Protein chains: 4
Amino acid sequence: MDARNGSVAVIGAGDFIGSAIARRFAREGYLVVAGRRSADKLEKLKNTIAEEGGRGLVRGLDARREDEVAAFLKAADEAAPLEACIINPGANVNFPILETTERVFRKVWEMACYSGFLAGREAARLMLPRDRGTILFTGATASVRGGVGYAAFASAKFGLRALAQSMARELGPKNIHVAHLVIDAGVDTAFVRERIRARGGEDAVEGLAADQLMNPESIANAYWFLHTQSRDGWTFELDIRPFMEKW
Amino acid sequence: MDARNGSVAVIGAGDFIGSAIARRFAREGYLVVAGRRSADKLEKLKNTIAEEGGRGLVRGLDARREDEVAAFLKAADEAAPLEACIINPGANVNFPILETTERVFRKVWEMACYSGFLAGREAARLMLPRDRGTILFTGATASVRGGVGYAAFASAKFGLRALAQSMARELGPKNIHVAHLVIDAGVDTAFVRERIRARGGEDAVEGLAADQLMNPESIANAYWFLHTQSRDGWTFELDIRPFMEKW
Amino acid sequence: MDARNGSVAVIGAGDFIGSAIARRFAREGYLVVAGRRSADKLEKLKNTIAEEGGRGLVRGLDARREDEVAAFLKAADEAAPLEACIINPGANVNFPILETTERVFRKVWEMACYSGFLAGREAARLMLPRDRGTILFTGATASVRGGVGYAAFASAKFGLRALAQSMARELGPKNIHVAHLVIDAGVDTAFVRERIRARGGEDAVEGLAADQLMNPESIANAYWFLHTQSRDGWTFELDIRPFMEKW
Amino acid sequence: MDARNGSVAVIGAGDFIGSAIARRFAREGYLVVAGRRSADKLEKLKNTIAEEGGRGLVRGLDARREDEVAAFLKAADEAAPLEACIINPGANVNFPILETTERVFRKVWEMACYSGFLAGREAARLMLPRDRGTILFTGATASVRGGVGYAAFASAKFGLRALAQSMARELGPKNIHVAHLVIDAGVDTAFVRERIRARGGEDAVEGLAADQLMNPESIANAYWFLHTQSRDGWTFELDIRPFMEKW
């Protein structure tokens, strides 16, 4: 692979979607700078990127701290010009409304929406002087539907989508591509399989069809596609779900 | 008017929409309990309600404080069973994304979304034991569109709409009617007329057609309509705008 | 009741929603002119309107025939100035895509969309010279969601909604109120109860909660509300469903 | 390029988007079978495909004729198994509602919606026995917004979108990928430049920024992306517009 003189920041580089995106951009030659709360959990990603011949830096990051987010992105930009920022926060919880504490409501918003604002704004600050860049936000079903028990999570995800729309309309004409992906199903993880088992028993897990759950690499392809669109034809929003998913 | 044994709380009883709703429900015989940040500014509303033959209590309220919101609604409910809660927060600001400080982003969310969560949840807590009630949220154009400069405001308003949806789906089957109104234009106020003057000059203001701006009483009618729908045919969402409005 | 010097046309005056709307507007003093395919089936409506002290004319009408629609509305307007036109077409069918014949696809469109275009345009033609009027379109879940098996019906209902939007934006500033109602559940009819029985057995029907199905009169209230909104605060769209409905 | 044993049908192979898609899939090795009303106008496309080393068949086709559509797709499938069907109808017109004749309303629907139904259904019929295939529908701004003057066009485009949704939900689990693209701006054509000139004069055309109008090849990339998504992560809908576009 040819190394590119550019960095890509992944904020919220979790084990699945975030890691797959980081690896994909690293395989394409970018210097990837990946952050998440627990620095420890990033070692595996760092090693995988290296094994795949890529360049990756990892760093513990509390995405709800303005100073940390600014420093994280600045460091990425100093290592190589920041070309893309992937904002992939996670905070999926489900509570009946009366059991949704103000602490939960606030924390979910901080993790899933406020952190996206900090990262999006700071990325834009670094990209605007160079008149280019891509900022991609990870959404979910809850970004467009407020289901039962999702008062906190959907509120935060709707909020993140609004932020993305507003930024896309302001920054598009300045050559910054802002987009939002609605990931409308479960990724194939131990956690999701366990949840399926809890609902439907062992048979439900064994009965899963091939490709019924999403491979994070398939999702990462969509991020790469958006990043590589030419600016005369940019997408703001797309949804992704497995072929068998009910929607 | 016949007095009803029921109270209606208006949270965010501003000079225009909030006051018109408060007066409307008072004219229908409810005990109206109105709150807003500055207790001083509520005196006029209190007097108007009295002049119109209604019963109104007013109280200073910081809707971002959980304890204050809970106490406010509890007091209303103790005065007479809480039958409706109108959540009418305001926090319309417009800033380019780089000039949107974290303080603004957070404060707008606290005022326009978090306060709605507190009020909605506490109202539900009081209504559920009696298996009845109405909770109405005031939305805006920014509830469904993230326009340029509205990163903070639209993010908060999208978030409030998600909250309302989630609550409607959970509480509907428990006989609590939750609805969301998209107010898609300017109300006829000195401030709005001034903004029109600033953009288009004196001619623009003088050229305003009759009914080109919204009378808060027309908006209040829609809140009353929603409150009085029979439960076999509830509306979750409706939009309101003047006949001449472009949309 | 005081008679008003105005007529209201109901196109698609079926036994349930259409009839309830017709009766409601008749009780408010309008001369109601109701049409549907089979003139025979309108006798009951005519008699009920008379028993309720109202004025109703009924007439067989194939709403897919331009000449018939124009003549029907012209006759209403000549009897008394046309103040409202209610467009309530029906054509709900469900077929797998491969079993959806071109005849079905075309016929459903003619019944549920094209007829609405004819009626909406002809009503506007009569109303515009007087600079006033209300045109209300009945939508359904299928107006906003293309579910499995609804290729024909949803296609027609989406199309009707687009027509309503386009007309609302063009005619609003000319003081014609165009609105669209999304009826998102089953009305309480023998047919709906039979369908519930077929799916869930006798228990499912007996287990229906009070108000779990919609009373057409509740729906008619929403039409009346829209007709009586003042023009400084018009609604384009609202949804209606029973409190227990999943959505 | 390696030839693939598969055909791709392009229905509505106009000079711009349709031709660019046809060329793109031909460059990827598919046998492309392109149809449009005037067979004459397809010669240039045929030659270009050949010059680019691809295989292309062209054929005059009235997409509103069931028999012609079925024969067209059958012929493609007999030449090589039908792997993708691109449905790219065009019928953009703008008329005030009173000037929208029933002939225009019907014809626009036949061209922009009914033809899509015929093509989508017939493509599904050929693909289902092999349990694979891609069906892509071209949408427009008018697919999601009923603007002034677009009663006919938006009605047809909303209808096409509903068809696509319904087919996606039914056929996805059968391994047929159905998607809908919202092309939300003008393609760079002589016609669009002329329209810009008519509105804003010569300066407006000369002042066009690079990439302010869309290159059909950029749009074609999105069709190719959708066709190549793995089935564990399919997109139903995406929008495309130039970076400078207001939306």
# chains A, B, ... in the order shown; residues from 1 in each chain; ligands from 1
$ interface_residues --of "chain A" --to "chain D" --cutoff "6 Å" --atoms "only C-alpha atoms" --output "number ranges by chain"
A: 172-173, 211, 214, 218, 231-235, 237-244
$ calpha_fit_rmsd --fixed "chain C" --moving "chain A"
0.0 Å
$ residues_around --residues "segment 12-20 of chain A" --least-positions-apart "4" --cutoff "8 Å" --atoms "only C-alpha atoms" --output "PyMOL selection string"
chain A and resi 24+34-37+42+45+63+87-90+187+189+216-217+219-220
$ write_last_selection --atoms "C-alpha atoms" --output "tab-separated table (two decimals), in the first residue's frame"
chain	number	residue	atom	x	y	z
A	24	ARG	CA	-10.05	0.13	6.43
A	34	ALA	CA	-7.91	6.08	17.04
A	35	GLY	CA	-9.33	7.07	20.39
A	36	ARG	CA	-11.71	5.60	22.93
A	37	ARG	CA	-12.24	5.78	26.65
A	42	LEU	CA	-6.94	-0.07	21.80
A	45	LEU	CA	-6.52	-2.49	17.12
A	63	ALA	CA	-14.78	12.31	24.00
A	87	ILE	CA	-17.39	10.11	14.87
A	88	ASN	CA	-18.67	6.85	16.21
A	89	PRO	CA	-20.03	7.33	19.69
A	90	GLY	CA	-21.86	4.59	21.54
A	187	VAL	CA	-23.53	-6.03	14.15
A	189	THR	CA	-20.87	-9.56	18.00
A	216	PRO	CA	-18.31	-4.45	10.57
A	217	GLU	CA	-16.17	-4.52	7.44
A	219	ILE	CA	-20.14	-1.08	7.25
A	220	ALA	CA	-16.62	0.28	6.91
$ atom_distance --atom1 "atom CA of Gly116 of chain D" --atom2 "atom CA of Ile86 of chain D"
9.5 Å
$ residues_around --residues "Met167 of chain B" --least-positions-apart "5" --cutoff "7 Å" --atoms "only C-alpha atoms" --output "PDB file with N, CA, C and O atoms, in the first residue's frame"
ATOM      1  N   ILE A  97     -39.521   5.259  30.737  1.00  0.00           N
ATOM      2  CA  ILE A  97     -39.307   6.694  30.987  1.00  0.00           C
ATOM      3  C   ILE A  97     -39.167   6.979  32.486  1.00  0.00           C
ATOM      4  O   ILE A  97     -38.292   7.747  32.891  1.00  0.00           O
ATOM      5  N   VAL A 148     -40.053   2.764  22.067  1.00  0.00           N
ATOM      6  CA  VAL A 148     -40.349   2.600  23.495  1.00  0.00           C
ATOM      7  C   VAL A 148     -39.055   2.309  24.263  1.00  0.00           C
ATOM      8  O   VAL A 148     -38.296   1.414  23.890  1.00  0.00           O
ATOM      9  N   ALA A 151     -36.047   6.882  25.148  1.00  0.00           N
ATOM     10  CA  ALA A 151     -36.134   8.332  25.326  1.00  0.00           C
ATOM     11  C   ALA A 151     -34.738   8.952  25.373  1.00  0.00           C
ATOM     12  O   ALA A 151     -34.460   9.938  24.690  1.00  0.00           O
TER      13      ALA A 151
ATOM     14  N   VAL B 178     -49.417  11.852  24.513  1.00  0.00           N
ATOM     15  CA  VAL B 178     -48.227  12.681  24.305  1.00  0.00           C
ATOM     16  C   VAL B 178     -48.231  13.152  22.858  1.00  0.00           C
ATOM     17  O   VAL B 178     -48.411  12.339  21.940  1.00  0.00           O
TER      18      VAL B 178
END
$ select_by_dssp --residues "segment 83-145 of chain D" --states "alpha helix (DSSP H)" --output "list in words"
Glu102, Arg103, Val104, Phe105, Arg106, Lys107, Val108, Trp109, Ser115, Gly116, Phe117, Leu118, Ala119, Gly120, Arg121, Glu122, Ala123, Ala124, Arg125, Leu126 and Met127 of chain D
$ residues_around --residues "Arg193 of chain A" --least-positions-apart "2" --cutoff "10 Å" --atoms "only C-alpha atoms" --output "PyMOL selection string"
chain A and resi 186-191+195-199+202+204-206+208+213
$ residues_around --residues "Ala70 of chain D" --least-positions-apart "6" --cutoff "8 Å" --atoms "only C-alpha atoms" --output "list in words"
Leu118, Ala119 and Glu122 of chain D
